[in-house]
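Asks: My structure is stored as target-v5.pdb, with PDB, C-alpha atoms.
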```pdb
ATOM      1  CA  SER X 263     106.202  94.148 114.374  1.00  0.00           C
ATOM      2  CA  CYS X 264     103.603  94.398 111.620  1.00  0.00           C
ATOM      3  CA  TYR X 265     104.258  91.476 109.331  1.00  0.00           C
ATOM      4  CA  TYR X 266     101.417  89.178 110.368  1.00  0.00           C
ATOM      5  CA  VAL X 267      99.354  90.238 107.409  1.00  0.00           C
ATOM      6  CA  GLU X 268      95.887  89.165 106.326  1.00  0.00           C
ATOM      7  CA  ILE X 269      95.469  89.428 102.576  1.00  0.00           C
ATOM      8  CA  ARG X 270      92.186  90.898 101.389  1.00  0.00           C
ATOM      9  CA  HIS X 271      90.599  90.504  97.924  1.00  0.00           C
ATOM     10  CA  THR X 272      93.471  88.546  96.360  1.00  0.00           C
ATOM     11  CA  GLU X 273      94.321  84.865  96.166  1.00  0.00           C
ATOM     12  CA  SER X 274      98.003  85.466  95.518  1.00  0.00           C
ATOM     13  CA  LEU X 275     100.672  86.183  98.100  1.00  0.00           C
ATOM     14  CA  HIS X 276     102.933  87.344  95.309  1.00  0.00           C
ATOM     15  CA  VAL X 277     101.190  90.579  94.375  1.00  0.00           C
ATOM     16  CA  PHE X 278      99.148  93.007  96.423  1.00  0.00           C
ATOM     17  CA  ASN X 279      96.767  94.926  94.180  1.00  0.00           C
ATOM     18  CA  THR X 280      94.434  96.148  96.920  1.00  0.00           C
ATOM     19  CA  PRO X 281      94.924  97.426 100.469  1.00  0.00           C
ATOM     20  CA  TYR X 282      95.659  94.809 103.119  1.00  0.00           C
ATOM     21  CA  GLN X 283      95.618  94.820 106.903  1.00  0.00           C
ATOM     22  CA  CYS X 284      97.983  93.628 109.618  1.00  0.00           C
ATOM     23  CA  VAL X 285      96.010  91.236 111.787  1.00  0.00           C
ATOM     24  CA  LYS X 286      98.184  92.104 114.789  1.00  0.00           C
ATOM     25  CA  CYS X 287      97.865  95.901 114.904  1.00  0.00           C
ATOM     26  CA  HIS X 288      95.034  96.397 112.328  1.00  0.00           C
ATOM     27  CA  ILE X 289      97.004  99.013 110.392  1.00  0.00           C
ATOM     28  CA  MET X 290      95.943  99.216 106.749  1.00  0.00           C
ATOM     29  CA  TYR X 291      98.731  99.042 104.185  1.00  0.00           C
ATOM     30  CA  GLN X 292      98.463 100.316 100.646  1.00  0.00           C
ATOM     31  CA  PRO X 293      99.370  98.149  97.631  1.00  0.00           C
ATOM     32  CA  ASP X 294     102.977  97.466  96.729  1.00  0.00           C
ATOM     33  CA  ARG X 295     104.425 100.779  95.610  1.00  0.00           C
ATOM     34  CA  LEU X 296     106.322  98.981  92.842  1.00  0.00           C
ATOM     35  CA  GLY X 297     103.021  97.968  91.287  1.00  0.00           C
ATOM     36  CA  ALA X 298     102.595  94.361  90.179  1.00  0.00           C
ATOM     37  CA  SER X 299     106.088  93.292  91.230  1.00  0.00           C
ATOM     38  CA  GLU X 300     107.061  89.657  91.295  1.00  0.00           C
ATOM     39  CA  PHE X 301     107.391  87.714  94.519  1.00  0.00           C
ATOM     40  CA  MET X 302     110.917  87.808  95.952  1.00  0.00           C
ATOM     41  CA  ARG X 303     112.806  85.514  98.310  1.00  0.00           C
ATOM     42  CA  ILE X 304     115.259  87.661 100.232  1.00  0.00           C
ATOM     43  CA  LEU X 305     118.065  86.475 102.494  1.00  0.00           C
ATOM     44  CA  GLN X 306     119.256  89.083 105.004  1.00  0.00           C
ATOM     45  CA  VAL X 307     122.577  88.399 106.744  1.00  0.00           C
ATOM     46  CA  ILE X 308     123.505  90.420 109.844  1.00  0.00           C
ATOM     47  CA  ALA X 309     127.024  90.370 111.268  1.00  0.00           C
ATOM     48  CA  HIS X 310     127.136  92.565 114.372  1.00  0.00           C
ATOM     49  CA  PRO X 311     127.728  91.255 117.921  1.00  0.00           C
ATOM     50  CA  ARG X 312     125.609  93.869 119.675  1.00  0.00           C
ATOM     51  CA  GLN X 313     121.846  93.437 119.648  1.00  0.00           C
ATOM     52  CA  GLY X 314     120.201  96.783 118.912  1.00  0.00           C
ATOM     53  CA  SER X 315     123.053  97.922 116.661  1.00  0.00           C
ATOM     54  CA  LEU X 316     122.342  99.951 113.544  1.00  0.00           C
ATOM     55  CA  SER X 317     122.837  96.796 111.502  1.00  0.00           C
ATOM     56  CA  HIS X 318     120.064  95.121 113.499  1.00  0.00           C
ATOM     57  CA  GLN X 319     117.775  98.141 113.313  1.00  0.00           C
ATOM     58  CA  PHE X 320     118.218  98.362 109.545  1.00  0.00           C
ATOM     59  CA  SER X 321     117.619  94.648 109.090  1.00  0.00           C
ATOM     60  CA  GLN X 322     114.513  94.542 111.281  1.00  0.00           C
ATOM     61  CA  PHE X 323     112.971  97.543 109.551  1.00  0.00           C
ATOM     62  CA  SER X 324     113.771  96.157 106.100  1.00  0.00           C
ATOM     63  CA  ALA X 325     112.408  92.682 106.889  1.00  0.00           C
ATOM     64  CA  GLN X 326     109.195  94.057 108.342  1.00  0.00           C
ATOM     65  CA  HIS X 327     108.544  96.336 105.381  1.00  0.00           C
ATOM     66  CA  LEU X 328     109.328  93.731 102.738  1.00  0.00           C
ATOM     67  CA  ARG X 329     107.133  91.149 104.452  1.00  0.00           C
ATOM     68  CA  THR X 330     104.200  93.525 104.475  1.00  0.00           C
ATOM     69  CA  MET X 331     104.675  93.739 100.704  1.00  0.00           C
ATOM     70  CA  GLY X 332     104.249  89.961 100.479  1.00  0.00           C
ATOM     71  CA  HIS X 333     107.853  88.933  99.995  1.00  0.00           C
ATOM     72  CA  GLU X 334     109.606  86.139 101.867  1.00  0.00           C
ATOM     73  CA  VAL X 335     112.445  87.343 104.099  1.00  0.00           C
ATOM     74  CA  VAL X 336     114.864  85.082 105.956  1.00  0.00           C
ATOM     75  CA  GLU X 337     116.878  86.952 108.603  1.00  0.00           C
ATOM     76  CA  LYS X 338     120.189  85.344 109.504  1.00  0.00           C
ATOM     77  CA  ASP X 339     121.891  86.855 112.561  1.00  0.00           C
ATOM     78  CA  LEU X 340     125.298  85.172 112.568  1.00  0.00           C
ATOM     79  CA  TYR X 341     126.264  86.163 116.102  1.00  0.00           C
ATOM     80  CA  GLN X 342     122.860  85.303 117.527  1.00  0.00           C
ATOM     81  CA  GLN X 343     122.961  81.825 115.997  1.00  0.00           C
ATOM     82  CA  HIS X 344     126.593  81.337 117.134  1.00  0.00           C
ATOM     83  CA  PHE X 345     127.743  80.612 113.608  1.00  0.00           C
ATOM     84  CA  ASP X 346     131.179  78.988 113.563  1.00  0.00           C
ATOM     85  CA  PRO X 347     133.295  80.848 110.970  1.00  0.00           C
ATOM     86  CA  VAL X 348     136.214  78.391 110.997  1.00  0.00           C
ATOM     87  CA  LEU X 349     136.592  76.159 107.947  1.00  0.00           C
ATOM     88  CA  ARG X 350     138.304  73.029 109.261  1.00  0.00           C
ATOM     89  CA  SER X 351     140.311  70.344 107.456  1.00  0.00           C
ATOM     90  CA  ARG X 352     137.605  67.690 107.759  1.00  0.00           C
ATOM     91  CA  GLU X 353     135.196  70.022 105.994  1.00  0.00           C
ATOM     92  CA  LEU X 354     137.581  70.548 103.095  1.00  0.00           C
ATOM     93  CA  LYS X 355     137.416  66.847 102.271  1.00  0.00           C
ATOM     94  CA  GLY X 356     133.810  67.251 101.192  1.00  0.00           C
ATOM     95  CA  TYR X 357     134.111  70.868 100.106  1.00  0.00           C
ATOM     96  CA  ASN X 358     132.780  70.267  96.592  1.00  0.00           C
ATOM     97  CA  SER X 359     129.546  68.636  97.730  1.00  0.00           C
ATOM     98  CA  VAL X 360     126.633  69.605  99.928  1.00  0.00           C
ATOM     99  CA  GLU X 361     126.207  65.968 100.955  1.00  0.00           C
ATOM    100  CA  GLY X 362     129.306  66.002 103.113  1.00  0.00           C
ATOM    101  CA  LEU X 363     128.259  69.050 105.092  1.00  0.00           C
ATOM    102  CA  GLU X 364     126.773  69.023 108.569  1.00  0.00           C
ATOM    103  CA  PRO X 365     122.973  69.579 108.641  1.00  0.00           C
ATOM    104  CA  SER X 366     123.140  73.192 109.844  1.00  0.00           C
ATOM    105  CA  LEU X 367     125.529  74.102 107.026  1.00  0.00           C
ATOM    106  CA  LYS X 368     123.345  72.345 104.451  1.00  0.00           C
ATOM    107  CA  GLN X 369     120.529  74.628 105.596  1.00  0.00           C
ATOM    108  CA  GLU X 370     122.767  77.673 105.122  1.00  0.00           C
ATOM    109  CA  VAL X 371     123.579  76.629 101.559  1.00  0.00           C
ATOM    110  CA  HIS X 372     119.918  75.856 100.844  1.00  0.00           C
ATOM    111  CA  GLU X 373     118.798  79.315 102.001  1.00  0.00           C
ATOM    112  CA  LEU X 374     121.506  80.962  99.917  1.00  0.00           C
ATOM    113  CA  MET X 375     120.720  79.017  96.749  1.00  0.00           C
ATOM    114  CA  ARG X 376     116.992  79.743  96.835  1.00  0.00           C
ATOM    115  CA  ALA X 377     117.341  83.492  97.457  1.00  0.00           C
ATOM    116  CA  ASP X 378     116.450  85.917  94.668  1.00  0.00           C
ATOM    117  CA  TYR X 379     118.189  88.772  96.476  1.00  0.00           C
ATOM    118  CA  LEU X 380     120.702  89.158  99.293  1.00  0.00           C
ATOM    119  CA  ILE X 381     121.067  91.986 101.797  1.00  0.00           C
ATOM    120  CA  PHE X 382     124.079  92.211 104.102  1.00  0.00           C
ATOM    121  CA  PHE X 383     124.265  94.405 107.198  1.00  0.00           C
ATOM    122  CA  TYR X 384     127.582  94.796 109.011  1.00  0.00           C
ATOM    123  CA  PRO X 385     130.143  97.236 110.441  1.00  0.00           C
ATOM    124  CA  VAL X 386     133.477  97.707 108.666  1.00  0.00           C
ATOM    125  CA  TRP X 387     136.434  96.799 110.900  1.00  0.00           C
ATOM    126  CA  TRP X 388     140.034  97.162 109.716  1.00  0.00           C
ATOM    127  CA  TRP X 389     138.787  97.847 106.198  1.00  0.00           C
ATOM    128  CA  GLU X 390     137.084  94.461 106.080  1.00  0.00           C
ATOM    129  CA  ARG X 391     134.048  92.374 106.907  1.00  0.00           C
ATOM    130  CA  PRO X 392     133.796  91.050 110.459  1.00  0.00           C
ATOM    131  CA  ALA X 393     135.532  87.673 110.701  1.00  0.00           C
ATOM    132  CA  ILE X 394     132.265  85.860 111.336  1.00  0.00           C
ATOM    133  CA  LEU X 395     130.894  87.062 107.981  1.00  0.00           C
ATOM    134  CA  LYS X 396     134.108  86.224 106.125  1.00  0.00           C
ATOM    135  CA  GLY X 397     133.853  82.751 107.644  1.00  0.00           C
ATOM    136  CA  TRP X 398     130.238  82.483 106.483  1.00  0.00           C
ATOM    137  CA  PHE X 399     131.404  83.077 102.921  1.00  0.00           C
ATOM    138  CA  ASP X 400     134.266  80.578 103.368  1.00  0.00           C
ATOM    139  CA  ARG X 401     131.996  77.788 104.610  1.00  0.00           C
ATOM    140  CA  VAL X 402     128.726  78.436 102.747  1.00  0.00           C
ATOM    141  CA  PHE X 403     130.068  79.334  99.293  1.00  0.00           C
ATOM    142  CA  VAL X 404     130.807  75.678  98.504  1.00  0.00           C
ATOM    143  CA  ARG X 405     132.803  74.746  95.404  1.00  0.00           C
ATOM    144  CA  ASP X 406     130.822  73.039  92.601  1.00  0.00           C
ATOM    145  CA  VAL X 407     127.641  74.253  94.294  1.00  0.00           C
ATOM    146  CA  VAL X 408     128.019  78.038  94.546  1.00  0.00           C
ATOM    147  CA  PHE X 409     130.920  78.325  92.104  1.00  0.00           C
ATOM    148  CA  LYS X 410     132.938  76.105  89.754  1.00  0.00           C
ATOM    149  CA  VAL X 411     136.591  76.116  88.803  1.00  0.00           C
ATOM    150  CA  GLY X 412     137.513  75.108  85.250  1.00  0.00           C
ATOM    151  CA  GLY X 413     140.014  75.687  82.498  1.00  0.00           C
ATOM    152  CA  PHE X 414     138.836  79.235  82.020  1.00  0.00           C
ATOM    153  CA  GLY X 415     138.890  80.191  85.684  1.00  0.00           C
ATOM    154  CA  VAL X 416     136.060  80.568  88.190  1.00  0.00           C
ATOM    155  CA  SER X 417     132.400  80.746  87.187  1.00  0.00           C
ATOM    156  CA  GLY X 418     129.447  81.428  89.456  1.00  0.00           C
ATOM    157  CA  CYS X 419     126.470  79.136  89.950  1.00  0.00           C
ATOM    158  CA  LEU X 420     124.192  81.455  91.931  1.00  0.00           C
ATOM    159  CA  LYS X 421     121.040  82.666  90.180  1.00  0.00           C
ATOM    160  CA  THR X 422     120.758  85.543  92.630  1.00  0.00           C
ATOM    161  CA  LYS X 423     119.589  88.682  90.847  1.00  0.00           C
ATOM    162  CA  GLY X 424     121.266  91.176  93.129  1.00  0.00           C
ATOM    163  CA  ALA X 425     122.755  92.027  96.504  1.00  0.00           C
ATOM    164  CA  LEU X 426     122.643  95.146  98.645  1.00  0.00           C
ATOM    165  CA  VAL X 427     125.566  95.581 101.048  1.00  0.00           C
ATOM    166  CA  VAL X 428     124.847  97.973 103.930  1.00  0.00           C
ATOM    167  CA  GLN X 429     128.027  98.986 105.736  1.00  0.00           C
ATOM    168  CA  THR X 430     128.435 101.180 108.829  1.00  0.00           C
ATOM    169  CA  PHE X 431     131.550 103.117 109.807  1.00  0.00           C
ATOM    170  CA  GLY X 432     132.438 104.801 113.060  1.00  0.00           C
ATOM    171  CA  ASP X 433     134.776 107.203 111.280  1.00  0.00           C
ATOM    172  CA  SER X 434     134.001 110.009 108.820  1.00  0.00           C
ATOM    173  CA  GLU X 435     133.593 109.608 105.082  1.00  0.00           C
ATOM    174  CA  LYS X 436     136.705 111.745 104.509  1.00  0.00           C
ATOM    175  CA  SER X 437     138.833 109.408 106.622  1.00  0.00           C
ATOM    176  CA  PHE X 438     137.445 106.464 104.698  1.00  0.00           C
ATOM    177  CA  GLN X 439     138.206 107.935 101.289  1.00  0.00           C
ATOM    178  CA  THR X 440     141.778 108.842 102.197  1.00  0.00           C
ATOM    179  CA  GLY X 441     142.500 105.663 104.147  1.00  0.00           C
ATOM    180  CA  PRO X 442     144.847 102.889 102.980  1.00  0.00           C
ATOM    181  CA  GLY X 443     142.225 100.200 102.501  1.00  0.00           C
ATOM    182  CA  HIS X 444     139.210 101.985 101.050  1.00  0.00           C
ATOM    183  CA  LEU X 445     139.246  99.971  97.826  1.00  0.00           C
ATOM    184  CA  SER X 446     139.160  96.632  99.653  1.00  0.00           C
ATOM    185  CA  VAL X 447     136.047  97.637 101.624  1.00  0.00           C
ATOM    186  CA  GLU X 448     133.925  97.162  98.511  1.00  0.00           C
ATOM    187  CA  GLY X 449     136.140  95.132  96.201  1.00  0.00           C
ATOM    188  CA  GLY X 450     136.541  92.127  98.462  1.00  0.00           C
ATOM    189  CA  VAL X 451     132.777  91.686  98.751  1.00  0.00           C
ATOM    190  CA  ASP X 452     131.795  92.794  95.261  1.00  0.00           C
ATOM    191  CA  GLU X 453     134.237  91.589  92.591  1.00  0.00           C
ATOM    192  CA  GLY X 454     136.094  89.305  94.994  1.00  0.00           C
ATOM    193  CA  THR X 455     133.127  87.293  96.270  1.00  0.00           C
ATOM    194  CA  LEU X 456     129.550  87.957  95.183  1.00  0.00           C
ATOM    195  CA  LYS X 457     130.035  88.535  91.462  1.00  0.00           C
ATOM    196  CA  VAL X 458     132.470  85.642  91.249  1.00  0.00           C
ATOM    197  CA  ALA X 459     129.689  83.434  92.626  1.00  0.00           C
ATOM    198  CA  GLY X 460     127.230  84.648  90.005  1.00  0.00           C
ATOM    199  CA  VAL X 461     125.359  87.525  91.682  1.00  0.00           C
ATOM    200  CA  LYS X 462     124.261  89.780  88.832  1.00  0.00           C
ATOM    201  CA  LYS X 463     124.335  93.163  90.564  1.00  0.00           C
ATOM    202  CA  VAL X 464     125.936  94.422  93.795  1.00  0.00           C
ATOM    203  CA  ASN X 465     125.039  97.804  95.291  1.00  0.00           C
ATOM    204  CA  PHE X 466     126.541  99.439  98.366  1.00  0.00           C
ATOM    205  CA  LEU X 467     124.982 101.712 100.955  1.00  0.00           C
ATOM    206  CA  GLN X 468     127.442 103.214 103.428  1.00  0.00           C
ATOM    207  CA  TYR X 469     126.828 105.186 106.613  1.00  0.00           C
ATOM    208  CA  PHE X 470     129.648 107.126 108.248  1.00  0.00           C
ATOM    209  CA  SER X 471     130.179 108.662 111.707  1.00  0.00           C
ATOM    210  CA  THR X 472     127.444 106.397 113.020  1.00  0.00           C
ATOM    211  CA  TYR X 473     128.356 107.026 116.666  1.00  0.00           C
ATOM    212  CA  ALA X 474     126.802 110.466 116.222  1.00  0.00           C
ATOM    213  CA  PHE X 475     123.507 109.148 114.809  1.00  0.00           C
ATOM    214  CA  LYS X 476     120.364 110.462 116.456  1.00  0.00           C
ATOM    215  CA  LYS X 477     116.868 108.974 116.321  1.00  0.00           C
ATOM    216  CA  ASP X 478     115.920 110.969 113.198  1.00  0.00           C
ATOM    217  CA  ASP X 479     119.137 109.911 111.466  1.00  0.00           C
ATOM    218  CA  VAL X 480     118.334 106.257 112.124  1.00  0.00           C
ATOM    219  CA  ALA X 481     114.777 106.618 110.803  1.00  0.00           C
ATOM    220  CA  LYS X 482     115.983 108.291 107.591  1.00  0.00           C
ATOM    221  CA  ALA X 483     118.664 105.659 107.115  1.00  0.00           C
ATOM    222  CA  GLN X 484     116.185 102.811 107.628  1.00  0.00           C
ATOM    223  CA  LYS X 485     113.902 104.225 104.963  1.00  0.00           C
ATOM    224  CA  LYS X 486     116.820 104.712 102.589  1.00  0.00           C
ATOM    225  CA  VAL X 487     117.830 101.057 102.964  1.00  0.00           C
ATOM    226  CA  VAL X 488     114.386  99.913 101.828  1.00  0.00           C
ATOM    227  CA  ASP X 489     114.140 102.526  99.059  1.00  0.00           C
ATOM    228  CA  THR X 490     117.595 101.631  97.726  1.00  0.00           C
ATOM    229  CA  PHE X 491     116.791  97.925  97.719  1.00  0.00           C
ATOM    230  CA  LEU X 492     113.442  98.370  95.979  1.00  0.00           C
ATOM    231  CA  ALA X 493     115.006 100.660  93.372  1.00  0.00           C
ATOM    232  CA  MET X 494     117.644  98.019  92.687  1.00  0.00           C
ATOM    233  CA  THR X 495     115.032  95.322  92.149  1.00  0.00           C
ATOM    234  CA  LYS X 496     112.880  97.599  90.011  1.00  0.00           C
ATOM    235  CA  ASN X 497     115.791  98.433  87.724  1.00  0.00           C
ATOM    236  CA  GLY X 498     116.508  94.769  87.134  1.00  0.00           C
TER     237      GLY X 498
END
```
Please go through the file and, once you have read it, give me the structure as structure tokens.

Replies:
Amino acid sequence: SCYYVEIRHTESLHVFNTPYQCVKCHIMYQPDRLGASEFMRILQVIAHPRQGSLSHQFSQFSAQHLRTMGHEVVEKDLYQQHFDPVLRSRELKGYNSVEGLEPSLKQEVHELMRADYLIFFYPVWWWERPAILKGWFDRVFVRDVVFKVGGFGVSGCLKTKGALVVQTFGDSEKSFQTGPGHLSVEGGVDEGTLKVAGVKKVNFLQYFSTYAFKKDDVAKAQKKVVDTFLAMTKNG
């Protein structure tokens, strides 16, 4: 993993204008290909139970690359951290305040609120997010903190500039497009969750027939994840 980087000839971690070197493997990296881009705080959320899954490989590659560019990346592996997706009655009593939350959940909300961008990595099961990710939204998207409800409906409080949602499918793209729940695969996350909470832009990247992926397919897909994310941030 090449993200232990020594910065050369610059006092700022926010912008790399000259080549820099990984102090672990001594590989030289060229300046940020976006030019003088602003520093980004990125929260990556992974929801796949199997270590080594495509979701994990995409997340690890993305985090490593973005860190070498000088950005802050927090990786949140929900299964690895044994995140409890169940919103219980006692939690609802303090649902409109961070103060009433348990310490670990306060940390989740804190990491969400300070993120400039979000990236989600997960498989699509039954035309939906895995239950553990749905539960993360239920428990972390706290009312009057992440969103507010008023006379004119729901308004978002997040200042997050954008989110990239990377979904993997075992079936073919044709089966997805003709299936009964293809609209909910994007709509529930996009219009139904992230944009309601105030996320300005939501992009999707979908990979089909992933059981047939070979090593070259994975490498190309990893690169596309990073390229798609950087293009999204560059275009505002």

Asks: Quick one: everything within 12 Å of His344 of chain X, counting all atoms listed in the file, minus sequence neighbours fewer than 6 positions away in the same chain. Send it as a list in words.

Replies: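 The residues that qualify are Ala309, His310, Pro311, Lys338, Ser366, Ile394, Leu395 and Trp398 of chain X.
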
Asks: What does the file look like for those residues with C-alpha atoms, as a CSV table (one decimal), in the frame of the given file?

Replies:
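Listed below is the output, again-v2.csv:
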```csv
chain,number,residue,atom,x,y,z
X,309,ALA,CA,127.0,90.4,111.3
X,310,HIS,CA,127.1,92.6,114.4
X,311,PRO,CA,127.7,91.3,117.9
X,338,LYS,CA,120.2,85.3,109.5
X,366,SER,CA,123.1,73.2,109.8
X,394,ILE,CA,132.3,85.9,111.3
X,395,LEU,CA,130.9,87.1,108.0
X,398,TRP,CA,130.2,82.5,106.5
```

Asks: Determine the residue membership of the PyMOL selection byres ((chain X and resi 454-464) around 6) for the file above and supply it as a PyMOL selection string.

Replies: chain X and resi 408-409+418-420+422-426+449-453+465

Asks: One decimal, Å: what's the distance from atom CA of Glu370 of chain X over to atom CA of Val404 of chain X, could you say?

Replies: 10.6 Å

Asks: Name the residues captured by the PyMOL selection byres ((chain X and resi 313-322) around 9) when it is applied to the shown file; answer as a count of residues only.

Replies: 31

Asks: Distance atom CA of Gly441 of chain X-atom CA of Lys396 of chain X, one decimal place?

Replies: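 A separation of 21.3 Å between them.
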
Asks: Report the distance between atom CA of Leu467 of chain X and atom CA of Glu435 of chain X in Å, rounded to one decimal place.

Replies: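 Between atom CA of Leu467 of chain X and atom CA of Glu435 of chain X the gap is 12.4 Å.
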
Asks: Residues proximal to (129.6, 77.7, 104.3) were defined as those with any atom within 12 Å of that point in the file's coordinates, counting only C-alpha atoms. Which are they, as a ChimeraX atom specification?

Replies: /X:340,345-350,353-354,356-360,362-375,394-405,407-408

Asks: Between X:Ser434, X:Gln343, X:Gln468, X:Thr495, which residue has the minimum interatomic distance to Met302 of chain X, considering only C-alpha atoms?

Replies: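 Of all the options, X:Thr495 lies closest to Met302 of chain X.
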
Asks: When the PyMOL selection byres ((chain X and resi 377) around 6) is applied to the file above, which residues end up in the set, as a list in words?

Replies: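 Taken on the displayed file, the PyMOL selection byres ((chain X and resi 377) around 6) yields the residues Arg303, Ile304, Leu305, Leu374, Met375, Arg376, Asp378 and Tyr379 of chain X.
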
Asks: Report, as AutoDock Vina command-line options, the centre and edge lengths in Å (one decimal) of the axis-aligned box enclosing every listed atom of segment 490-497 of chain X, padded by 6 Å on each side.

Replies:
```
--center_x 115.3 --center_y 98.5 --center_z 92.7 --size_x 16.8 --size_y 18.3 --size_z 22.0
```

Asks: So, counting only C-alpha atoms, which residue among X:Lys421, X:Val386, X:Asp489, X:Val411 is closest to Ser471 of chain X?

Replies: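 The shortest atom-to-atom distance to Ser471 of chain X comes from X:Val386.
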